[in-house]
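Visitor: My questions all concern the structure below.
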Amino acid sequence: LYARLLAGVCDFEIVFTAFLLIFGSYATLNNANSFGDESRLSSALLLSAVAFIYQIVMLAFAGRTFGMALLKLNVVNTGDESLPVTLWRKALRASAATIVFICFPLYLTAWLSASRRTLPDLISGTTVAQR
């Protein structure tokens, strides 16, 4: 579980760096003096979009995120690890991982559940296993 948390921290750093690069150009090109409710909403939506795009691209092409690759973790099916993870399950996992990214306390469901599976695991029917 700690390896998964470290992988998530690596992924968080990548997503947040990409968000800051995009948001920096947005703030520079837009009127940076006014950071009202509209700007907060657009930045929250932008952060969600960056997190989802990162997750879905990494899972679709590499089968795991960069943080998972660093810690030698793979996404596998819960029922049968020999079956490949379908694109639909990867999309479900990316969606749930984006929700957990935005609202981190939802990650704590892993410590509350007996199976130690996170919300993206439960929703997508997958789990993360050490290689």
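Residues are named by chain letter and number: chains run A, B, ... in the order of the structure tokens, numbers start at 1 in each chain, and ligands are numbered from 1 in the order shown.
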Show me, as a ChimeraX atom specification, the residues that have an atom within 9 Å of A:Lys72 when counting only C-alpha atoms, minus same-chain residues fewer than 6 positions from it.
Guide: /A:129-131
Visitor: Would you list, as a ChimeraX atom specification, the residues of stretch 33-92 of chain A that end up in strand (DSSP E or B) under DSSP run on this structure's backbone?
Guide: /A:73-77
Visitor: Could you give me, as a PyMOL selection string, each residue of stretch 31-105 of chain A that DSSP assigns to helix (DSSP H, G or I) when run on this structure's backbone?
Guide: chain A and resi 37-62+66-70+87-102+104-105
Visitor: Could you pull the residues within 12 Å of A:Leu92, counting only C-alpha atoms, minus those fewer than 4 positions along the same chain, as a PyMOL selection string?
Guide: chain A and resi 52+55-56+59-60+85-88+96-99+119-126
Visitor: Go ahead and save the picked residues with all heavy atoms, as a short mmCIF file (atom, residue, chain, number, x, y, z; two decimals), in the first residue's frame.
Guide:
data_model
loop_
_atom_site.label_atom_id
_atom_site.label_comp_id
_atom_site.auth_asym_id
_atom_site.auth_seq_id
_atom_site.Cartn_x
_atom_site.Cartn_y
_atom_site.Cartn_z
N PHE A 52 -6.93 13.73 -15.64
CA PHE A 52 -7.59 12.66 -16.40
C PHE A 52 -6.79 12.32 -17.66
O PHE A 52 -6.59 11.14 -17.97
CB PHE A 52 -9.02 13.05 -16.77
CG PHE A 52 -9.70 12.02 -17.60
CD1 PHE A 52 -10.15 10.84 -17.01
CD2 PHE A 52 -9.88 12.18 -18.96
CE1 PHE A 52 -10.77 9.85 -17.78
CE2 PHE A 52 -10.49 11.22 -19.73
CZ PHE A 52 -10.94 10.05 -19.13
N GLN A 55 -3.73 10.30 -16.75
CA GLN A 55 -4.08 8.94 -16.37
C GLN A 55 -4.47 8.09 -17.59
O GLN A 55 -3.96 6.98 -17.76
CB GLN A 55 -5.24 8.95 -15.37
CG GLN A 55 -4.89 9.43 -14.01
CD GLN A 55 -4.17 8.38 -13.20
OE1 GLN A 55 -4.36 7.19 -13.37
NE2 GLN A 55 -3.34 8.85 -12.29
N ILE A 56 -5.36 8.60 -18.42
CA ILE A 56 -5.87 7.80 -19.53
C ILE A 56 -4.78 7.54 -20.57
O ILE A 56 -4.68 6.44 -21.11
CB ILE A 56 -7.14 8.41 -20.18
CG1 ILE A 56 -7.86 7.40 -21.07
CG2 ILE A 56 -6.85 9.66 -20.94
CD1 ILE A 56 -8.49 6.26 -20.36
N LEU A 59 -2.24 4.98 -18.97
CA LEU A 59 -2.82 3.64 -18.84
C LEU A 59 -3.09 3.01 -20.20
O LEU A 59 -2.89 1.81 -20.38
CB LEU A 59 -4.11 3.69 -18.02
CG LEU A 59 -3.94 3.98 -16.53
CD1 LEU A 59 -5.30 4.17 -15.86
CD2 LEU A 59 -3.17 2.87 -15.84
N ALA A 60 -3.55 3.80 -21.17
CA ALA A 60 -3.87 3.25 -22.49
C ALA A 60 -2.62 2.80 -23.24
O ALA A 60 -2.62 1.75 -23.88
CB ALA A 60 -4.64 4.28 -23.31
N VAL A 85 -6.04 -6.08 -19.14
CA VAL A 85 -6.98 -5.06 -18.67
C VAL A 85 -7.53 -4.34 -19.90
O VAL A 85 -6.76 -3.84 -20.73
CB VAL A 85 -6.29 -4.07 -17.72
CG1 VAL A 85 -7.25 -3.00 -17.26
CG2 VAL A 85 -5.69 -4.80 -16.53
N THR A 86 -8.85 -4.31 -20.05
CA THR A 86 -9.47 -3.70 -21.22
C THR A 86 -9.38 -2.18 -21.16
O THR A 86 -9.18 -1.60 -20.09
CB THR A 86 -10.95 -4.12 -21.34
OG1 THR A 86 -11.65 -3.62 -20.19
CG2 THR A 86 -11.09 -5.63 -21.43
N LEU A 87 -9.57 -1.56 -22.30
CA LEU A 87 -9.54 -0.10 -22.38
C LEU A 87 -10.68 0.51 -21.55
O LEU A 87 -10.52 1.57 -20.95
CB LEU A 87 -9.62 0.37 -23.84
CG LEU A 87 -9.44 1.86 -24.07
CD1 LEU A 87 -8.09 2.33 -23.56
CD2 LEU A 87 -9.59 2.19 -25.55
N TRP A 88 -11.82 -0.17 -21.51
CA TRP A 88 -12.95 0.31 -20.71
C TRP A 88 -12.57 0.35 -19.22
O TRP A 88 -12.86 1.33 -18.54
CB TRP A 88 -14.17 -0.57 -20.93
CG TRP A 88 -15.30 -0.25 -20.01
CD1 TRP A 88 -15.78 -1.03 -19.00
CD2 TRP A 88 -16.09 0.94 -20.00
NE1 TRP A 88 -16.81 -0.39 -18.35
CE2 TRP A 88 -17.03 0.82 -18.96
CE3 TRP A 88 -16.11 2.10 -20.76
CZ2 TRP A 88 -17.96 1.81 -18.66
CZ3 TRP A 88 -17.04 3.08 -20.47
CH2 TRP A 88 -17.94 2.92 -19.44
N ALA A 96 -11.89 7.39 -12.01
CA ALA A 96 -11.91 7.30 -10.55
C ALA A 96 -10.62 7.87 -9.95
O ALA A 96 -10.66 8.52 -8.90
CB ALA A 96 -12.10 5.85 -10.12
N ALA A 97 -9.50 7.67 -10.62
CA ALA A 97 -8.23 8.21 -10.12
C ALA A 97 -8.24 9.74 -10.18
O ALA A 97 -7.66 10.39 -9.31
CB ALA A 97 -7.07 7.66 -10.94
N THR A 98 -8.92 10.31 -11.16
CA THR A 98 -9.05 11.76 -11.23
C THR A 98 -9.88 12.28 -10.06
O THR A 98 -9.52 13.29 -9.45
CB THR A 98 -9.69 12.17 -12.57
OG1 THR A 98 -8.87 11.68 -13.63
CG2 THR A 98 -9.82 13.67 -12.68
N ILE A 99 -10.95 11.59 -9.74
CA ILE A 99 -11.78 11.99 -8.59
C ILE A 99 -10.98 11.91 -7.31
O ILE A 99 -11.02 12.81 -6.47
CB ILE A 99 -13.05 11.11 -8.53
CG1 ILE A 99 -13.94 11.41 -9.73
CG2 ILE A 99 -13.80 11.34 -7.22
CD1 ILE A 99 -15.06 10.42 -9.92
N LEU A 119 -10.33 3.36 -4.21
CA LEU A 119 -11.56 3.64 -4.96
C LEU A 119 -11.40 3.35 -6.46
O LEU A 119 -12.29 2.72 -7.05
CB LEU A 119 -12.00 5.09 -4.72
CG LEU A 119 -13.35 5.49 -5.29
CD1 LEU A 119 -14.47 4.69 -4.64
CD2 LEU A 119 -13.59 6.97 -5.09
N PRO A 120 -10.30 3.74 -7.12
CA PRO A 120 -10.15 3.36 -8.53
C PRO A 120 -10.11 1.84 -8.74
O PRO A 120 -10.62 1.34 -9.74
CB PRO A 120 -8.81 3.99 -8.93
CG PRO A 120 -8.66 5.14 -8.01
CD PRO A 120 -9.27 4.71 -6.72
N ASP A 121 -9.54 1.11 -7.78
CA ASP A 121 -9.53 -0.36 -7.87
C ASP A 121 -10.96 -0.90 -7.82
O ASP A 121 -11.34 -1.75 -8.62
CB ASP A 121 -8.75 -0.98 -6.71
CG ASP A 121 -7.27 -0.66 -6.74
OD1 ASP A 121 -6.76 -0.37 -7.84
OD2 ASP A 121 -6.65 -0.71 -5.67
N LEU A 122 -11.72 -0.41 -6.87
CA LEU A 122 -13.08 -0.92 -6.67
C LEU A 122 -13.98 -0.59 -7.86
O LEU A 122 -14.78 -1.43 -8.28
CB LEU A 122 -13.67 -0.34 -5.38
CG LEU A 122 -12.97 -0.75 -4.09
CD1 LEU A 122 -13.50 0.05 -2.92
CD2 LEU A 122 -13.13 -2.24 -3.84
N ILE A 123 -13.86 0.61 -8.41
CA ILE A 123 -14.72 1.01 -9.51
C ILE A 123 -14.37 0.28 -10.80
O ILE A 123 -15.25 -0.14 -11.55
CB ILE A 123 -14.68 2.54 -9.69
CG1 ILE A 123 -15.39 3.22 -8.53
CG2 ILE A 123 -15.28 2.97 -11.01
CD1 ILE A 123 -15.31 4.72 -8.52
N SER A 124 -13.08 0.12 -11.06
CA SER A 124 -12.66 -0.47 -12.36
C SER A 124 -12.51 -1.98 -12.34
O SER A 124 -12.34 -2.59 -13.39
CB SER A 124 -11.33 0.15 -12.79
OG SER A 124 -10.31 -0.20 -11.89
N GLY A 125 -12.54 -2.60 -11.18
CA GLY A 125 -12.36 -4.04 -11.13
C GLY A 125 -10.92 -4.46 -11.36
O GLY A 125 -10.65 -5.57 -11.81
N THR A 126 -10.00 -3.54 -11.09
CA THR A 126 -8.59 -3.83 -11.24
C THR A 126 -7.89 -3.63 -9.90
O THR A 126 -8.50 -3.16 -8.95
CB THR A 126 -7.93 -2.89 -12.27
OG1 THR A 126 -8.06 -1.53 -11.83
CG2 THR A 126 -8.55 -3.05 -13.64
#
Visitor: Which residue gives the smallest distance to A:Phe101 among A:Ala114, A:Val9, A:Val75, A:Leu83, with only C-alpha atoms counted?
Guide: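 Selected residue with least distance to A:Phe101: A:Val9.
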Visitor: Kindly give the distance, in Å, that separates atom CA of A:Ile14 and atom CA of A:Ser82, rounded to a single decimal.
Guide: 29.9 Å
Visitor: Which one is closest to A:Leu108: A:Tyr54, A:Thr127, A:Ser43, A:Tyr2? Count only C-alpha atoms.
Guide: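 Using only C-alpha atoms, A:Leu108 sits closest to A:Tyr2.
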Visitor: Select, from A:Arg116, A:Arg93, A:Arg40, A:Arg4, the residue with the minimum atom-to-atom distance to A:Met68, counting only C-alpha atoms.
Guide: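 Residue with the minimum atom-to-atom distance to A:Met68: A:Arg4.
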Visitor: So what do you get for atom CA of A:Phe61 versus atom CA of A:Ala91, distance-wise?
Guide: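 Atom CA of A:Ala91 lies at a distance of 11.9 Å from atom CA of A:Phe61.
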Visitor: Which residue out of A:Pro84, A:Trp111, A:Thr118, A:Ala18 has the minimum interatomic distance to A:Ser48 when only C-alpha atoms are used?
Guide: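 That would be A:Ala18, the residue with the smallest distance to A:Ser48.
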Visitor: Mind giving me the straight-line distance from atom CA of A:Leu41 to atom CA of A:Val15 in Å, one decimal?
Guide: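 That distance, rounded to one decimal, is 17.7 Å.
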Visitor: Which is closest to A:Met58 among A:Ile102, A:Ala94, A:Leu112, A:Leu21, if we use only C-alpha atoms?
Guide: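 Looking only at the distances to A:Met58, the closest residue turns out to be A:Ala94.
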